[in-house]
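Visitor: Have a look at this one before I ask anything.
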Amino acid sequence: MNILKAIYNFIVGDMIILIGVLIVAIALGLISSINALAPLRVAIGPVLIIAVLVVLSATLYREARGKR
Amino acid sequence: MEWAIASAAFLASAVEFVEAFTIVLVVGVTINWRSSLVGAFAAAATLAVIVATLGVAIVQLVPIDALRLFVGIILILFGLKWLKKSILRYSGLKALHDEEAIFEEKMAEIRARGETIAPRLQPFGVALAYKAVLLEGLEVAFIVITFGGSISKAATSNGIASAAIGAAIAGILVILAGLLVKAPLTRVPENTLKFVVGIMLTSFGTFWAGEGFRYDWPLSDAFIPILAAIFLLASYLLVTFLKQQKRRQLAAKETPRVISGVGSQEEVRS
């Protein structure tokens, strides 16, 4: 358990960033691999950029609220 | 030579080497320089072995699309972590990294253990210096491997070597600066370096993750600076927003005090 925690802290150390990025990666992975979702592939780039910005904003907002 | 890779590795390494140098300096001053340098060089050798073996294995064994996806996601995670820290520091929600405070804290820790200056090799000193350099360097090693590995495969140039050169130059410069100053390197603009590296890692990470999902970015590689500009602008807006939030919080804290102060004065008058 301590090893897992050390790896988590080493790579990211923030649950919002980790879960947010993983959800986006899974969603985009499905879009790029399932043929029925092929029309959505043109949106992968913009979605990725927006998702990264949303994750960053969410984690910063949580930190700002936590400091109250 | 891949300049983008070398400069990203240089900046990331400079930040981590400054942190590691602080601990090596504490051990050198408080225990002895022999233990401190043995620990630091042993850790540097361990890191070189990790980069060489893992780097070569990743470049040779993993298919390019999977590698780019993996590297992209790892770089986004690292980049967001660094960006978050530096934005919090710029907005005043987190204290700027204080090398002097770390230096004093570690010094007190060593004194509390009753360690004294002695010329012979002391295992505790070696272990402390080794641990500091290894832990701070591991993140850089990971950036060097992932960053350099992805480029190596795509451009058939030696990205890992470029990244390693960038990291090595940063290490030499930090050691030279440390030898000249002989004190914690407090003047290194650590937060600015962290911010720039955060922007670079997030931009490259987003670009490579997109390519891993087989998305064709407009303008191809030339889209990376556009990504960096987008993240830079967003970070600026976030810093401004967080500063406003902090001011509002401070104002809200002050208001009840003023009101309660007025109330008590009225009570006294009546």
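Letters A, B, ... mark the chains of the structure tokens in the order given; residue numbers begin at 1 per chain; ligand numbers begin at 1, in order shown.
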Which residues of chain B come within 9 Å of chain A, and what is each one's closest atom pair and distance in Å (one decimal), counting only C-alpha atoms, sorted by chain and residue number, as CSV?

Guide:
residue,atom,partner,partner_atom,distance
B:Leu69,CA,A:Ala25,CA,9.0
B:Ile73,CA,A:Val21,CA,7.5
B:Ile74,CA,A:Ile11,CA,7.7
B:Ile76,CA,A:Val52,CA,7.9
B:Leu77,CA,A:Val12,CA,5.8
B:Phe78,CA,A:Val12,CA,6.2
B:Leu80,CA,A:Leu56,CA,6.5
B:Lys81,CA,A:Val12,CA,5.9
B:Leu83,CA,A:Leu56,CA,8.3
B:Lys84,CA,A:Leu60,CA,6.6
B:Ile87,CA,A:Leu60,CA,8.3
B:Leu88,CA,A:Leu60,CA,7.4
B:Leu93,CA,A:Ala64,CA,7.2
B:Leu135,CA,A:Phe10,CA,8.9
B:Leu138,CA,A:Phe10,CA,8.9
B:Glu139,CA,A:Phe10,CA,7.4
B:Thr202,CA,A:Val52,CA,8.4
B:Thr206,CA,A:Ile49,CA,6.9
B:Phe207,CA,A:Gly45,CA,8.3
B:Ala209,CA,A:Leu48,CA,8.5
B:Gly210,CA,A:Gly45,CA,5.9
B:Glu211,CA,A:Gly45,CA,8.9
B:Phe213,CA,A:Ser32,CA,5.9
B:Arg214,CA,A:Ser32,CA,7.2
B:Tyr215,CA,A:Ile44,CA,6.5
B:Asp216,CA,A:Gly45,CA,8.2
B:Trp217,CA,A:Gly45,CA,7.0
B:Leu227,CA,A:Ile49,CA,8.1
B:Ile230,CA,A:Ile49,CA,8.7
B:Phe231,CA,A:Leu53,CA,7.6
B:Ala234,CA,A:Leu53,CA,7.4
B:Ser235,CA,A:Leu53,CA,9.0
B:Leu238,CA,A:Ser57,CA,7.2
B:Leu242,CA,A:Ala64,CA,7.1
B:Gln245,CA,A:Ala64,CA,7.7
B:Lys246,CA,A:Ala64,CA,7.9
B:Gln249,CA,A:Arg68,CA,7.2

Visitor: Considering only alpha helix (DSSP H) as DSSP defines it on the backbone, what residues of range 68-264 of chain B qualify? List them as a ChimeraX atom specification.

Guide: /B:68-90,99-112,123-155,159-181,190-212,223-264

Visitor: Closest to Leu54 in chain B among B:Phe241, B:Phe204, B:Phe70, B:Phe142, using only C-alpha atoms?

Guide: B:Phe142

Visitor: Could you name the residues that touch Trp33 in chain B at 9 Å or less, counting only C-alpha atoms, but leaving out those on the same chain fewer than 6 positions away, as number ranges by chain?

Guide: B: 24-25, 27, 119, 121

Visitor: Using the selection just defined, write its residues with C-alpha atoms as a PDB file, in the first residue's frame.

Guide:
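Contents of selection_16.pdb, freshly written:
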ATOM      1  CA  VAL B  24      23.722  17.613  -0.117  1.00  0.00           C
ATOM      2  CA  LEU B  25      24.957  20.953   1.232  1.00  0.00           C
ATOM      3  CA  VAL B  27      25.012  16.885   4.890  1.00  0.00           C
ATOM      4  CA  PRO B 119      36.285  13.005   8.667  1.00  0.00           C
ATOM      5  CA  LEU B 121      32.381   8.130   5.993  1.00  0.00           C
TER       6      LEU B 121
END

Visitor: Please indicate the distance in Å from CA of Val174 in chain B to CA of Ala229 in chain B, rounded to one decimal place.

Guide: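 Going from CA of Val174 in chain B over to CA of Ala229 in chain B covers 29.0 Å.
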
Visitor: Report, in Å to a single decimal, how far apart CA of Arg120 in chain B and CA of Asn32 in chain B are.

Guide: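 Result for CA of Asn32 in chain B versus CA of Arg120 in chain B: 7.8 Å, one decimal.
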
Visitor: Env of Gly39 in chain B: 12 Å cut, atoms = only C-alpha atoms, seq-sep filter 2 positions within chain, self excluded. Answer as a ChimeraX atom specification.

Guide: /B:20-21,23-25,27-28,32-37,41-46,121-134

Visitor: Just the selected residues (N, CA and C atoms), exported as a CSV table (one decimal), in the first residue's frame, please.

Guide:
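Result written to selection35.csv:
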chain,number,residue,atom,x,y,z
B,20,ALA,N,17.9,19.1,-4.6
B,20,ALA,CA,18.8,18.1,-4.1
B,20,ALA,C,20.1,18.7,-3.5
B,21,PHE,N,20.5,19.8,-4.2
B,21,PHE,CA,21.8,20.4,-3.8
B,21,PHE,C,21.7,20.9,-2.3
B,23,ILE,N,20.0,19.7,0.2
B,23,ILE,CA,20.2,18.6,1.2
B,23,ILE,C,21.7,18.1,1.2
B,24,VAL,N,22.3,18.0,0.0
B,24,VAL,CA,23.7,17.6,-0.1
B,24,VAL,C,24.6,18.6,0.7
B,25,LEU,N,24.2,19.9,0.5
B,25,LEU,CA,25.0,21.0,1.2
B,25,LEU,C,24.8,20.8,2.8
B,27,VAL,N,24.2,18.1,4.4
B,27,VAL,CA,25.0,16.9,4.9
B,27,VAL,C,26.5,17.3,4.9
B,28,GLY,N,26.9,17.9,3.8
B,28,GLY,CA,28.4,18.3,3.7
B,28,GLY,C,28.8,19.2,4.9
B,32,ASN,N,29.9,15.5,7.0
B,32,ASN,CA,31.2,15.8,6.3
B,32,ASN,C,31.0,15.7,4.8
B,33,TRP,N,31.9,16.3,4.0
B,33,TRP,CA,31.7,16.4,2.6
B,33,TRP,C,31.9,15.0,1.9
B,34,ARG,N,32.7,14.2,2.6
B,34,ARG,CA,33.0,12.9,1.9
B,34,ARG,C,31.7,12.0,1.9
B,35,SER,N,31.0,12.0,3.0
B,35,SER,CA,29.7,11.2,3.0
B,35,SER,C,28.7,11.8,2.0
B,36,SER,N,28.6,13.2,2.0
B,36,SER,CA,27.7,13.9,1.2
B,36,SER,C,27.9,13.6,-0.3
B,37,LEU,N,29.2,13.7,-0.7
B,37,LEU,CA,29.5,13.5,-2.1
B,37,LEU,C,29.4,12.0,-2.6
B,41,PHE,N,27.0,11.1,-5.6
B,41,PHE,CA,27.5,10.5,-6.8
B,41,PHE,C,26.9,9.1,-7.0
B,42,ALA,N,26.7,8.3,-5.9
B,42,ALA,CA,26.0,7.0,-6.0
B,42,ALA,C,24.6,7.1,-6.6
B,43,ALA,N,23.9,8.2,-6.1
B,43,ALA,CA,22.5,8.4,-6.6
B,43,ALA,C,22.6,8.8,-8.1
B,44,ALA,N,23.5,9.6,-8.5
B,44,ALA,CA,23.7,10.0,-9.9
B,44,ALA,C,23.9,8.8,-10.8
B,45,ALA,N,24.8,7.9,-10.3
B,45,ALA,CA,25.1,6.7,-11.0
B,45,ALA,C,23.8,5.8,-11.2
B,46,THR,N,23.1,5.7,-10.1
B,46,THR,CA,21.8,4.9,-10.1
B,46,THR,C,20.9,5.5,-11.2
B,121,LEU,N,33.7,8.3,6.7
B,121,LEU,CA,32.4,8.1,6.0
B,121,LEU,C,31.3,7.7,7.0
B,122,GLN,N,30.2,8.5,7.0
B,122,GLN,CA,29.1,8.2,7.9
B,122,GLN,C,27.9,7.7,7.2
B,123,PRO,N,27.4,6.5,7.5
B,123,PRO,CA,26.3,5.9,6.7
B,123,PRO,C,25.1,6.8,6.6
B,124,PHE,N,24.7,7.4,7.8
B,124,PHE,CA,23.5,8.3,7.8
B,124,PHE,C,23.7,9.4,6.8
B,125,GLY,N,24.8,10.0,6.7
B,125,GLY,CA,25.1,11.1,5.8
B,125,GLY,C,25.0,10.7,4.4
B,126,VAL,N,25.6,9.5,4.1
B,126,VAL,CA,25.6,9.0,2.7
B,126,VAL,C,24.2,8.7,2.3
B,127,ALA,N,23.4,8.0,3.2
B,127,ALA,CA,22.0,7.7,2.9
B,127,ALA,C,21.2,8.9,2.7
B,128,LEU,N,21.4,9.9,3.5
B,128,LEU,CA,20.5,11.2,3.3
B,128,LEU,C,20.8,11.8,2.0
B,129,ALA,N,22.1,12.0,1.6
B,129,ALA,CA,22.4,12.6,0.3
B,129,ALA,C,22.0,11.7,-0.8
B,130,TYR,N,22.1,10.4,-0.7
B,130,TYR,CA,21.7,9.5,-1.8
B,130,TYR,C,20.2,9.6,-2.0
B,131,LYS,N,19.4,9.5,-0.9
B,131,LYS,CA,18.0,9.6,-1.0
B,131,LYS,C,17.5,10.9,-1.6
B,132,ALA,N,18.1,12.0,-1.2
B,132,ALA,CA,17.7,13.3,-1.7
B,132,ALA,C,18.0,13.4,-3.2
B,133,VAL,N,19.2,13.0,-3.6
B,133,VAL,CA,19.5,13.1,-5.1
B,133,VAL,C,18.7,12.1,-5.9
B,134,LEU,N,18.5,10.9,-5.4
B,134,LEU,CA,17.7,9.9,-6.1
B,134,LEU,C,16.3,10.3,-6.3

Visitor: Can you tell me how far CA of Ala52 in chain B sits from CA of Leu179 in chain B, in Å to one decimal?

Guide: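 CA of Ala52 in chain B sits 28.4 Å away from CA of Leu179 in chain B.
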